[in-house]
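One file, coords.cif, carrying mmCIF, C-alpha atoms and all ligand atoms:
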data_upload
loop_
_atom_site.label_atom_id
_atom_site.label_comp_id
_atom_site.auth_asym_id
_atom_site.auth_seq_id
_atom_site.Cartn_x
_atom_site.Cartn_y
_atom_site.Cartn_z
CA MET M 1 94.01 -3.15 -14.92
CA ILE M 2 94.95 -0.31 -12.62
CA GLY M 3 91.57 1.36 -12.96
CA GLN M 4 92.57 4.99 -12.86
CA LYS M 5 93.66 6.80 -15.98
CA VAL M 6 97.34 7.65 -16.43
CA ARG M 7 99.25 9.19 -19.30
CA ALA M 8 102.23 7.62 -20.99
CA VAL M 9 104.58 8.36 -23.88
CA VAL M 10 105.36 5.68 -26.47
CA LEU M 11 108.13 5.88 -29.04
CA ALA M 12 107.43 4.28 -32.42
CA GLY M 13 110.22 3.46 -34.84
CA SER M 14 110.36 1.69 -38.19
CA ASN M 15 113.03 1.09 -40.80
CA ILE M 16 111.47 -1.69 -42.86
CA ASP M 17 108.57 -0.59 -45.08
CA ARG M 18 108.48 2.50 -42.88
CA ASP M 19 106.06 4.54 -45.00
CA ARG M 20 103.42 1.93 -44.31
CA CYS M 21 104.40 0.56 -40.91
CA LEU M 22 104.76 3.73 -38.86
CA PRO M 23 101.36 5.22 -39.77
CA GLU M 24 99.77 1.79 -39.44
CA ALA M 25 101.18 1.39 -35.93
CA VAL M 26 99.67 4.72 -34.93
CA ARG M 27 96.37 3.70 -36.50
CA LEU M 28 96.35 0.44 -34.54
CA MET M 29 97.16 2.31 -31.34
CA ARG M 30 94.16 4.54 -32.01
CA ARG M 31 92.04 1.41 -32.45
CA SER M 32 93.35 -0.32 -29.34
CA LYS M 33 90.98 -0.73 -26.41
CA ASP M 34 93.93 -0.43 -24.04
CA MET M 35 94.88 3.14 -24.86
CA THR M 36 93.56 6.48 -26.08
CA VAL M 37 95.86 8.46 -28.34
CA GLU M 38 96.01 12.08 -27.18
CA GLY M 39 98.74 13.42 -29.42
CA VAL M 40 101.28 12.35 -32.00
CA SER M 41 104.56 14.08 -32.77
CA ALA M 42 105.80 14.95 -36.22
CA CYS M 43 107.51 12.16 -38.10
CA PHE M 44 111.32 12.28 -37.77
CA ASP M 45 113.91 10.87 -40.10
CA THR M 46 116.80 9.30 -38.22
CA THR M 47 119.89 7.36 -39.13
CA ALA M 48 120.23 3.86 -37.75
CA ILE M 49 122.54 3.41 -34.77
CA GLY M 50 124.70 0.42 -33.83
CA ASP M 51 127.01 -1.53 -36.07
CA THR M 52 124.57 -2.94 -38.55
CA PRO M 53 126.19 -1.72 -41.78
CA ASN M 54 123.88 -0.16 -44.36
CA ALA M 55 120.85 -0.39 -42.08
CA PRO M 56 118.09 1.71 -43.61
CA ASP M 57 117.09 5.01 -41.99
CA TYR M 58 114.27 5.13 -39.49
CA TYR M 59 111.09 7.02 -39.09
CA ASN M 60 110.48 7.84 -35.45
CA ALA M 61 107.51 9.44 -33.76
CA ALA M 62 106.36 9.79 -30.17
CA VAL M 63 102.76 9.24 -29.12
CA VAL M 64 101.11 10.52 -25.94
CA ILE M 65 98.41 8.17 -24.75
CA SER M 66 96.17 7.77 -21.76
CA THR M 67 95.50 4.32 -20.44
CA THR M 68 93.94 2.48 -17.54
CA VAL M 69 96.16 -0.60 -17.83
CA GLY M 70 99.42 -1.11 -15.99
CA PRO M 71 102.84 -0.84 -17.64
CA GLU M 72 103.22 -4.58 -18.31
CA GLU M 73 99.77 -4.86 -19.87
CA LEU M 74 100.46 -1.78 -21.92
CA ARG M 75 103.68 -3.34 -23.16
CA ASP M 76 101.77 -6.52 -24.10
CA ALA M 77 99.25 -4.44 -26.04
CA LEU M 78 102.08 -2.68 -27.90
CA ARG M 79 103.77 -6.01 -28.61
CA SER M 80 100.60 -7.37 -30.15
CA ILE M 81 100.56 -4.36 -32.49
CA GLU M 82 104.20 -5.13 -33.35
CA ASP M 83 103.15 -8.71 -34.11
CA VAL M 84 100.36 -7.59 -36.43
CA LEU M 85 102.96 -5.58 -38.34
CA GLY M 86 105.21 -8.60 -38.76
CA ARG M 87 107.86 -7.72 -36.22
CA THR M 88 110.41 -10.48 -35.70
CA ARG M 89 112.51 -10.29 -32.57
CA THR M 90 116.16 -11.30 -32.57
CA GLU M 91 119.06 -10.96 -30.15
CA ASP M 92 120.40 -7.93 -32.02
CA PRO M 93 118.84 -4.77 -30.57
CA ASN M 94 119.71 -2.83 -33.72
CA GLU M 95 118.28 -5.31 -36.21
CA PRO M 96 116.10 -3.51 -38.79
CA ARG M 97 112.47 -3.84 -37.88
CA THR M 98 109.00 -3.17 -39.28
CA ILE M 99 108.00 -1.53 -36.04
CA ASP M 100 109.25 -0.98 -32.54
CA LEU M 101 106.95 0.41 -29.85
CA ASP M 102 108.62 1.31 -26.56
CA ILE M 103 107.16 2.91 -23.46
CA VAL M 104 109.35 5.95 -22.75
CA PHE M 105 107.40 7.36 -19.80
CA TYR M 106 104.51 5.93 -17.83
CA SER M 107 103.16 8.69 -15.62
CA ASP M 108 106.05 9.40 -13.22
CA LEU M 109 106.88 5.73 -12.71
CA VAL M 110 110.51 4.71 -12.15
CA LYS M 111 110.85 0.94 -12.32
CA ASP M 112 113.20 -1.77 -13.55
CA PHE M 113 111.58 -4.78 -15.12
CA ASP M 114 113.66 -7.83 -16.08
CA THR M 115 114.83 -6.73 -19.50
CA TRP M 116 113.48 -3.19 -19.74
CA SER M 117 112.82 -0.19 -17.61
CA ILE M 118 110.67 2.89 -17.29
CA PRO M 119 111.66 5.59 -18.09
CA ASP M 120 113.30 4.16 -21.19
CA SER M 121 117.03 4.95 -20.91
CA GLY M 122 117.05 5.92 -24.61
CA VAL M 123 115.38 9.24 -23.88
CA GLU M 124 118.59 10.50 -22.25
CA LEU M 125 120.91 8.84 -24.76
CA HIS M 126 119.48 9.27 -28.22
CA LYS M 127 118.05 12.14 -30.19
CA HIS M 128 115.79 9.78 -32.09
CA VAL M 129 113.94 9.29 -28.80
CA ALA M 130 114.37 12.68 -27.12
CA VAL M 131 113.47 14.88 -30.10
CA PRO M 132 110.09 13.29 -30.97
CA VAL M 133 109.18 13.13 -27.26
CA ALA M 134 110.00 16.83 -26.85
CA ASP M 135 107.92 17.56 -29.95
CA VAL M 136 104.72 16.05 -28.58
CA ALA M 137 105.25 16.40 -24.81
CA PRO M 138 107.62 19.37 -24.31
CA ASP M 139 106.84 19.82 -20.63
CA TRP M 140 106.94 16.17 -19.60
CA VAL M 141 109.25 15.95 -16.58
CA HIS M 142 111.73 13.09 -16.39
CA PRO M 143 110.95 11.53 -12.99
CA VAL M 144 114.63 10.94 -12.13
CA SER M 145 116.52 13.94 -13.50
CA GLY M 146 113.68 16.41 -13.07
CA LYS M 147 114.40 17.84 -16.53
CA THR M 148 111.69 18.51 -19.06
CA ALA M 149 111.65 16.71 -22.39
CA THR M 150 112.58 20.00 -24.06
CA GLN M 151 115.65 20.41 -21.83
CA ILE M 152 116.72 16.80 -22.40
CA ALA M 153 116.50 17.17 -26.17
CA ALA M 154 118.26 20.56 -26.17
CA GLU M 155 121.16 19.38 -24.01
CA MET M 156 121.79 16.26 -25.99
CA SER M 157 125.25 15.98 -27.49
CA VAL M 158 125.61 17.05 -31.09
CA THR M 159 127.40 13.78 -31.79
CA SER M 160 124.30 11.79 -30.97
CA ASP M 161 122.30 10.30 -33.82
CA GLU M 162 120.49 13.03 -35.70
CA ALA M 163 116.72 13.26 -35.79
CA THR M 164 115.40 15.62 -38.42
CA PRO M 165 111.79 16.40 -39.27
CA SER M 166 110.89 14.39 -42.33
CA ARG M 167 108.58 14.89 -45.26
CA GLY M 168 107.11 11.54 -44.33
CA PRO M 169 103.56 10.80 -43.37
CA ASP M 170 101.49 13.29 -41.39
CA LEU M 171 100.63 11.32 -38.29
CA SER M 172 98.63 13.95 -36.49
CA LEU M 173 95.25 13.26 -38.04
CA PRO M 174 93.58 9.89 -37.84
CA TYR M 175 92.82 8.08 -41.07
CA VAL M 176 94.64 10.29 -43.46
CA THR M 177 97.76 8.46 -42.43
CA ARG M 178 97.43 5.49 -44.74
CA SER M 179 97.02 7.67 -47.81
CA VAL M 180 100.77 8.25 -47.85
CA GLY M 181 102.62 5.48 -49.59
CA PHE M 182 99.44 3.51 -50.05
CA ASP M 183 98.46 2.58 -53.59
CA ILE M 184 94.83 1.57 -53.96
CA ASP M 185 95.58 -0.11 -57.30
CA SER M 186 98.29 -2.30 -55.84
CA ASP M 187 97.69 -5.61 -54.15
CA ASP M 188 98.21 -4.04 -50.74
CA VAL M 189 95.72 -4.86 -48.06
CA TYR M 190 94.50 -2.20 -45.67
CA ALA M 191 92.62 -4.05 -42.95
CA PRO M 192 92.81 -7.76 -43.81
CA ARG M 193 90.07 -9.06 -41.53
CA LEU M 194 87.59 -6.36 -42.47
CA GLU M 195 88.32 -6.82 -46.18
CA GLU M 196 87.70 -10.55 -45.88
CA LEU M 197 84.36 -9.91 -44.19
CA ILE M 198 83.31 -7.51 -46.94
CA ARG M 199 84.27 -10.08 -49.58
CA SER M 200 82.04 -12.59 -47.81
CA GLN M 201 79.25 -10.04 -47.74
CA LEU M 202 79.55 -9.56 -51.51
CA LEU M 203 79.36 -13.32 -52.04
CA GLU M 204 76.37 -13.57 -49.72
CA ILE M 205 74.33 -11.05 -51.73
CA GLY M 206 75.11 -12.98 -54.93
CA GLU M 207 77.87 -10.78 -56.29
CA ASP M 208 81.16 -11.82 -57.78
CA PRO M 209 83.95 -10.15 -55.79
CA GLU M 210 86.40 -10.98 -58.60
CA ARG M 211 84.68 -8.99 -61.30
CA GLU M 212 86.56 -5.90 -62.39
CA GLY M 213 84.38 -3.29 -60.68
CA LEU M 214 84.41 -5.08 -57.35
CA ARG M 215 87.97 -6.31 -57.17
CA ARG M 216 89.19 -3.51 -54.88
CA THR M 217 85.80 -2.84 -53.25
CA PRO M 218 86.61 -4.64 -49.98
CA LEU M 219 89.65 -2.43 -49.58
CA ARG M 220 87.74 0.74 -50.42
CA VAL M 221 84.91 -0.14 -48.05
CA ALA M 222 87.40 -0.91 -45.29
CA LYS M 223 89.06 2.46 -45.77
CA ALA M 224 85.72 4.25 -45.86
CA LEU M 225 84.46 2.47 -42.74
CA ASP M 226 87.69 3.22 -40.98
CA PHE M 227 87.23 6.91 -41.68
CA LEU M 228 83.49 6.98 -40.97
CA THR M 229 84.01 5.39 -37.56
CA SER M 230 87.19 7.27 -36.71
CA GLY M 231 85.35 9.05 -33.90
CA TYR M 232 85.85 5.99 -31.71
CA THR M 233 89.56 6.55 -31.82
CA THR M 234 89.72 10.33 -31.67
CA SER M 235 89.84 11.79 -28.21
CA LEU M 236 88.19 15.05 -27.23
CA GLU M 237 91.53 16.22 -25.77
CA GLU M 238 93.28 15.68 -29.08
CA VAL M 239 90.65 17.65 -30.98
CA VAL M 240 90.32 20.53 -28.54
CA ASN M 241 94.02 20.62 -27.92
CA ASP M 242 95.04 24.21 -27.20
CA ALA M 243 92.09 26.00 -28.77
CA ILE M 244 90.46 27.05 -25.49
CA PHE M 245 91.01 30.69 -24.62
CA ASP M 246 90.43 32.77 -21.53
CA ALA M 247 87.91 35.47 -22.23
CA GLU M 248 87.12 37.38 -19.06
CA GLY M 249 83.93 39.32 -19.44
CA ALA M 250 82.69 37.42 -22.49
CA GLU M 251 79.10 36.81 -21.44
CA GLU M 252 77.26 36.90 -24.76
CA MET M 253 75.79 33.77 -26.24
CA VAL M 254 78.06 32.20 -28.87
CA VAL M 255 76.10 30.50 -31.64
CA VAL M 256 77.49 28.42 -34.49
CA ARG M 257 74.87 27.56 -37.08
CA ASP M 258 74.71 25.03 -39.88
CA VAL M 259 77.50 22.74 -38.81
CA GLU M 260 77.27 19.86 -41.27
CA PHE M 261 77.36 16.39 -39.82
CA TYR M 262 77.48 12.93 -41.39
CA SER M 263 76.87 9.87 -39.25
CA MET M 264 75.62 6.28 -39.52
CA CYS M 265 72.62 4.92 -37.66
CA GLU M 266 73.45 2.09 -35.36
CA HIS M 267 70.36 0.11 -36.35
CA HIS M 268 71.05 -0.23 -40.07
CA MET M 269 74.54 1.19 -40.52
CA LEU M 270 73.06 3.56 -43.08
CA PRO M 271 73.94 7.25 -43.20
CA PHE M 272 72.06 10.03 -41.51
CA PHE M 273 73.20 13.57 -42.06
CA GLY M 274 72.17 17.15 -41.63
CA LYS M 275 73.04 20.31 -39.79
CA ALA M 276 73.64 21.21 -36.19
CA THR M 277 73.33 24.49 -34.37
CA VAL M 278 75.53 24.70 -31.32
CA ALA M 279 75.48 27.48 -28.74
CA TYR M 280 76.90 28.25 -25.32
CA LEU M 281 76.97 31.02 -22.75
CA PRO M 282 80.63 31.41 -21.78
CA LYS M 283 81.87 31.59 -18.21
CA GLY M 284 85.38 32.94 -18.83
CA LYS M 285 86.37 30.44 -21.50
CA ILE M 286 85.72 30.29 -25.22
CA ILE M 287 86.70 27.80 -27.90
CA GLY M 288 87.97 28.29 -31.47
CA LEU M 289 84.98 28.13 -33.80
CA SER M 290 86.44 25.50 -36.11
CA LYS M 291 86.80 23.20 -33.11
CA ILE M 292 83.04 23.00 -32.69
CA ALA M 293 82.76 21.30 -36.06
CA ARG M 294 85.59 18.97 -35.09
CA ILE M 295 83.81 18.06 -31.83
CA VAL M 296 80.63 17.28 -33.80
CA ASP M 297 82.74 15.02 -36.08
CA VAL M 298 84.22 13.12 -33.14
CA TYR M 299 80.74 11.96 -32.11
CA ALA M 300 79.18 11.77 -35.59
CA ARG M 301 81.90 9.46 -36.91
CA ARG M 302 80.68 6.37 -35.13
CA LEU M 303 77.50 4.30 -35.10
CA GLN M 304 74.88 6.53 -33.56
CA VAL M 305 71.32 7.46 -32.86
CA GLN M 306 70.68 11.13 -33.38
CA GLU M 307 69.44 11.75 -29.82
CA ARG M 308 72.64 10.42 -28.32
CA LEU M 309 74.79 12.28 -30.79
CA THR M 310 73.08 15.53 -29.79
CA ASN M 311 73.58 14.83 -26.09
CA GLN M 312 77.22 13.90 -26.53
CA VAL M 313 78.02 17.13 -28.37
CA ALA M 314 76.34 19.13 -25.60
CA ASP M 315 78.14 17.18 -22.86
CA ALA M 316 81.50 17.57 -24.59
CA LEU M 317 81.15 21.36 -24.76
CA ALA M 318 79.95 21.51 -21.16
CA ASP M 319 82.95 19.40 -20.25
CA VAL M 320 85.68 21.41 -21.97
CA LEU M 321 84.29 24.94 -21.38
CA ASP M 322 82.39 24.70 -18.10
CA PRO M 323 80.04 27.40 -19.45
CA HIS M 324 76.81 28.77 -17.93
CA GLY M 325 74.92 26.65 -20.41
CA VAL M 326 74.94 24.78 -23.72
CA GLY M 327 72.29 24.21 -26.36
CA VAL M 328 72.50 21.88 -29.35
CA VAL M 329 69.83 21.34 -32.01
CA MET M 330 70.36 18.81 -34.78
CA GLU M 331 68.22 18.24 -37.83
CA GLY M 332 68.91 15.09 -39.81
CA LYS M 333 67.72 13.01 -42.75
CA HIS M 334 67.96 9.28 -42.17
CA LEU M 335 68.59 7.11 -45.21
CA CYS M 336 67.27 4.08 -43.35
CA MET M 337 63.89 5.82 -43.34
CA MET M 338 64.18 7.32 -46.82
CA MET M 339 65.46 4.30 -48.77
CA ARG M 340 63.61 1.50 -47.10
CA GLY M 341 60.69 0.70 -44.81
CA VAL M 342 58.26 3.57 -44.62
CA GLN M 343 60.08 5.60 -47.30
CA LYS M 344 59.09 8.90 -45.78
CA GLN M 345 61.45 10.94 -47.89
CA GLU M 346 60.43 14.31 -46.59
CA SER M 347 60.78 13.62 -42.91
CA ASN M 348 63.53 15.32 -40.99
CA MET M 349 64.32 14.39 -37.47
CA VAL M 350 64.97 17.20 -35.01
CA THR M 351 66.65 16.59 -31.68
CA SER M 352 67.81 19.02 -29.03
CA SER M 353 69.85 18.97 -25.90
CA MET M 354 70.03 21.76 -23.32
CA ARG M 355 72.46 22.09 -20.42
CA GLY M 356 72.70 24.62 -17.59
CA THR M 357 70.93 27.93 -18.19
CA PHE M 358 69.67 26.71 -21.56
CA ARG M 359 67.60 24.26 -19.58
CA SER M 360 66.79 26.30 -16.47
CA ASP M 361 66.24 29.76 -17.95
CA ALA M 362 63.32 30.19 -20.33
CA ARG M 363 64.69 33.44 -21.79
CA THR M 364 68.05 31.95 -22.67
CA ARG M 365 66.38 28.95 -24.23
CA SER M 366 63.99 31.01 -26.32
CA GLU M 367 66.79 33.36 -27.42
CA PHE M 368 68.67 30.29 -28.61
CA LEU M 369 65.71 28.65 -30.30
CA SER M 370 64.85 31.87 -32.11
CA LEU M 371 68.38 31.80 -33.59
CA VAL M 372 68.06 28.21 -34.73
CA ASN M 373 65.39 28.91 -37.33
ZN ZN Q 1 68.48 3.23 -39.04
#
Serialized structure, structure tokens:
Amino acid sequence: MIGQKVRAVVLAGSNIDRDRCLPEAVRLMRRSKDMTVEGVSACFDTTAIGDTPNAPDYYNAAVVISTTVGPEELRDALRSIEDVLGRTRTEDPNEPRTIDLDIVFYSDLVKDFDTWSIPDSGVELHKHVAVPVADVAPDWVHPVSGKTATQIAAEMSVTSDEATPSRGPDLSLPYVTRSVGFDIDSDDVYAPRLEELIRSQLLEIGEDPEREGLRRTPLRVAKALDFLTSGYTTSLEEVVNDAIFDAEGAEEMVVVRDVEFYSMCEHHMLPFFGKATVAYLPKGKIIGLSKIARIVDVYARRLQVQERLTNQVADALADVLDPHGVGVVMEGKHLCMMMRGVQKQESNMVTSSMRGTFRSDARTRSEFLSLVN
């Protein structure tokens, strides 16, 4: 643990079962407690290098992460993901593999470890490293040469291995990744431990997990849960990305109404859902409207209570825009109340969160609240 947050670039490569393994590696990185995925490059098709005849082509992608662990711990975390994906390590560095995860850059660190080094030498030798890195982190400066990733990729010899954008999986969005090359009717497993737990749950409630209708239910539930809790593994940076614009003189309240949200209560893991109204008073910066819905999703797609969800959306906007003020009102129906217990089917829960002038200035607040209804 180094405590402070640093950014790093990881190169992922796969040439065995690559349609499954590359997206799965990115998914597992998103789930890892040791790193936060901030961006993923396009998927590149590359020919195998070295003298392994007939080695299958690779998929390569570069991933920008932030982490608070040191380089060795980060490498251990990446190796454990390789292990999950059935990586076997041999003496031959060009042996086909299910997945290879290498640290290309770690902040501006320059260091030789026993059998590896940072920066990874491959970034200056091979297009299959340089091109994906330049795709996701064009301005990253190589700490030794001082060149940017874009310059390194552009200057690379034409005789190097080729890396061409592929029609392979779209890695940029969490949880759509496994839909490529993944057949729900096959015997594939998606998340083995989770599926086993769901099978046990079915047995426990007296069901027969082998009957026709339930046979693939553990897999479907695992996929659904993965999606519905994908907020844990989606960073605000990744969502907001480059959708913040300078807008000198924009001083009018921006209001986005009726943003649908779907979440799950942390007490019963049952859905609650409804609409949010989000507003802010800009101080020189505005955000693309569609991003507000994405920010709501980041916090809704995890186990929540509605009060916290409302506060987190307000804090996130305050964080990325530094506006004069933010107001968020959410109105939700909670299935845990409607389907069980008190069965108050008509009751909606309303929560609000005010920041800055929305809290301190009565006129701003009442202008906002009048727009909510
Ligand atoms: Zn509940």
Find the residues near ligand ZN 1 (chain Q). Use a cut-off of 7 Å, count all atoms listed in the file, and write them as a CSV table (one decimal) with C-alpha atoms, in the frame of the given file.
chain,number,residue,atom,x,y,z
M,265,CYS,CA,72.6,4.9,-37.7
M,266,GLU,CA,73.4,2.1,-35.4
M,267,HIS,CA,70.4,0.1,-36.4
M,268,HIS,CA,71.0,-0.2,-40.1
M,269,MET,CA,74.5,1.2,-40.5
M,270,LEU,CA,73.1,3.6,-43.1
M,334,HIS,CA,68.0,9.3,-42.2
M,336,CYS,CA,67.3,4.1,-43.4
M,337,MET,CA,63.9,5.8,-43.3
Any idea what's packed within 9 Å of M:Glu195, counting all atoms listed in the file, ignoring anything in its chain fewer than 2 positions away? Could you give it as a PDB file with C-alpha atoms, in the frame of the given file?
ATOM      1  CA  VAL M 189      95.720  -4.860 -48.060  1.00  0.00           C
ATOM      2  CA  TYR M 190      94.500  -2.200 -45.670  1.00  0.00           C
ATOM      3  CA  ALA M 191      92.620  -4.050 -42.950  1.00  0.00           C
ATOM      4  CA  PRO M 192      92.810  -7.760 -43.810  1.00  0.00           C
ATOM      5  CA  ARG M 193      90.070  -9.060 -41.530  1.00  0.00           C
ATOM      6  CA  LEU M 197      84.360  -9.910 -44.190  1.00  0.00           C
ATOM      7  CA  ILE M 198      83.310  -7.510 -46.940  1.00  0.00           C
ATOM      8  CA  ARG M 199      84.270 -10.080 -49.580  1.00  0.00           C
ATOM      9  CA  SER M 200      82.040 -12.590 -47.810  1.00  0.00           C
ATOM     10  CA  THR M 217      85.800  -2.840 -53.250  1.00  0.00           C
ATOM     11  CA  PRO M 218      86.610  -4.640 -49.980  1.00  0.00           C
ATOM     12  CA  LEU M 219      89.650  -2.430 -49.580  1.00  0.00           C
ATOM     13  CA  ARG M 220      87.740   0.740 -50.420  1.00  0.00           C
ATOM     14  CA  VAL M 221      84.910  -0.140 -48.050  1.00  0.00           C
ATOM     15  CA  ALA M 222      87.400  -0.910 -45.290  1.00  0.00           C
TER      16      ALA M 222
END
**Prompt:** atom CA of M:Val110 to atom CA of M:Leu78: how many Å, to one decimal?
**Reply:**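 One can read the atom CA of M:Val110 to atom CA of M:Leu78 distance as 19.3 Å.
Note that the spacing between atom CA of M:Pro119 and atom CA of M:Val26 amounts to 20.7 Å.
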**Item:** Contacts of stretch 311-321 of chain M within 10 Å, only C-alpha atoms, excl. fewer than 6 positions in-chain, as an MDAnalysis selection string
**Value:** chainID M and resid 236:237 240 244:246 276 278:287 292:293 295:300 327:329 351:356
**Request:** Using only C-alpha atoms, pick whichever of M:Ser366, M:Gln4, M:Thr47, M:Thr310 has the shortest atom-to-atom distance to M:Thr164.
**Result:**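 Once distances to M:Thr164 are computed over only C-alpha atoms, the minimum belongs to M:Thr47.
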**Request:** Could you please determine the separation between atom CA of M:Ile49 and atom CA of M:Ala61 in Å, to one decimal place?
**Result:**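 Separation between atom CA of M:Ile49 and atom CA of M:Ala61: 16.2 Å.
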**Message:** Please determine, counting only C-alpha atoms, which residue among M:Val123, M:Ser235, M:His128, M:Thr115 has the shortest atom-to-atom distance to M:Ser145.
**Reply:** M:Val123
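For the set M:Val254, M:Ile16, M:Val10, M:Ala224, the residue with the smallest atom-to-atom gap to M:Gly122 is M:Val10, counting all atoms listed in the file.
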Box time for stretch 123-128 of chain M: axis-aligned, enclosing all its listed atoms, 3 Å extra on each side; report centre and edge lengths in Å to one decimal, as JSON.
{"center_x": 118.1, "center_y": 10.5, "center_z": -27.2, "size_x": 11.5, "size_y": 9.3, "size_z": 15.8}
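Once M:Glu155 and its same-chain neighbours fewer than 4 positions away are set aside, Val123, Glu124, Leu125, His126, Lys127, Ala130, Val131, Ala134, Lys147, Thr148, Ala149, Thr150, Gln151, Thr159 and Ser160 of chain M remain within 12 Å of it when counting all atoms listed in the file.
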**Message:** With all atoms listed in the file as the counted atoms, please give the residues lying no more than 9 Å from M:Gly13, apart from itself and same-chain residues fewer than 6 positions off, as number ranges by chain.
**Reply:** M: 21-22, 58-62, 97-102, 128
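Proximity to M:Tyr106 at 12 Å, evaluated using all atoms listed in the file and with sequence-adjacent residues fewer than 5 positions away removed, yields Lys5, Val6, Arg7, Ala8, Val9, Val10, Leu11, Val63, Val64, Ile65, Ser66, Thr67, Thr68, Val69, Gly70, Pro71, Glu72, Glu73, Leu74, Arg75, Lys111, Ser117, Ile118, Pro119, Asp120, Trp140, Val141, His142 and Pro143 of chain M.
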Generate the coordinates of N, CA, C and O atoms for stretch 246-258 of chain M; report them as a JSON list (two decimals), in the frame of the given file.
[["chain", "number", "residue", "atom", "x", "y", "z"],
["M", 246, "ASP", "N", 91.05, 32.00, -22.61],
["M", 246, "ASP", "CA", 90.43, 32.77, -21.53],
["M", 246, "ASP", "C", 89.79, 34.00, -22.13],
["M", 246, "ASP", "O", 90.39, 34.65, -22.98],
["M", 247, "ALA", "N", 88.60, 34.29, -21.72],
["M", 247, "ALA", "CA", 87.91, 35.47, -22.23],
["M", 247, "ALA", "C", 87.10, 36.06, -21.10],
["M", 247, "ALA", "O", 85.89, 35.89, -21.01],
["M", 248, "GLU", "N", 87.81, 36.73, -20.18],
["M", 248, "GLU", "CA", 87.12, 37.38, -19.06],
["M", 248, "GLU", "C", 86.11, 38.37, -19.60],
["M", 248, "GLU", "O", 86.42, 39.13, -20.52],
["M", 249, "GLY", "N", 84.93, 38.34, -19.04],
["M", 249, "GLY", "CA", 83.93, 39.32, -19.44],
["M", 249, "GLY", "C", 83.10, 38.92, -20.63],
["M", 249, "GLY", "O", 82.10, 39.56, -20.93],
["M", 250, "ALA", "N", 83.51, 37.87, -21.36],
["M", 250, "ALA", "CA", 82.69, 37.42, -22.49],
["M", 250, "ALA", "C", 81.46, 36.72, -21.92],
["M", 250, "ALA", "O", 81.56, 35.64, -21.33],
["M", 251, "GLU", "N", 80.31, 37.36, -22.05],
["M", 251, "GLU", "CA", 79.10, 36.81, -21.44],
["M", 251, "GLU", "C", 77.99, 36.65, -22.47],
["M", 251, "GLU", "O", 76.89, 36.26, -22.14],
["M", 252, "GLU", "N", 78.30, 37.00, -23.73],
["M", 252, "GLU", "CA", 77.26, 36.90, -24.76],
["M", 252, "GLU", "C", 77.18, 35.48, -25.29],
["M", 252, "GLU", "O", 78.19, 34.78, -25.37],
["M", 253, "MET", "N", 75.98, 35.09, -25.69],
["M", 253, "MET", "CA", 75.79, 33.77, -26.24],
["M", 253, "MET", "C", 76.59, 33.61, -27.54],
["M", 253, "MET", "O", 76.58, 34.48, -28.40],
["M", 254, "VAL", "N", 77.33, 32.52, -27.64],
["M", 254, "VAL", "CA", 78.06, 32.20, -28.87],
["M", 254, "VAL", "C", 77.25, 31.15, -29.62],
["M", 254, "VAL", "O", 76.90, 30.11, -29.04],
["M", 255, "VAL", "N", 76.92, 31.43, -30.86],
["M", 255, "VAL", "CA", 76.10, 30.50, -31.64],
["M", 255, "VAL", "C", 76.82, 30.14, -32.94],
["M", 255, "VAL", "O", 77.28, 31.02, -33.66],
["M", 256, "VAL", "N", 76.93, 28.86, -33.21],
["M", 256, "VAL", "CA", 77.49, 28.42, -34.49],
["M", 256, "VAL", "C", 76.40, 27.64, -35.21],
["M", 256, "VAL", "O", 75.91, 26.63, -34.70],
["M", 257, "ARG", "N", 75.99, 28.18, -36.36],
["M", 257, "ARG", "CA", 74.87, 27.56, -37.08],
["M", 257, "ARG", "C", 75.36, 26.72, -38.23],
["M", 257, "ARG", "O", 76.45, 26.90, -38.75],
["M", 258, "ASP", "N", 74.49, 25.80, -38.65],
["M", 258, "ASP", "CA", 74.71, 25.03, -39.88],
["M", 258, "ASP", "C", 76.03, 24.28, -39.91],
["M", 258, "ASP", "O", 76.77, 24.31, -40.89]]
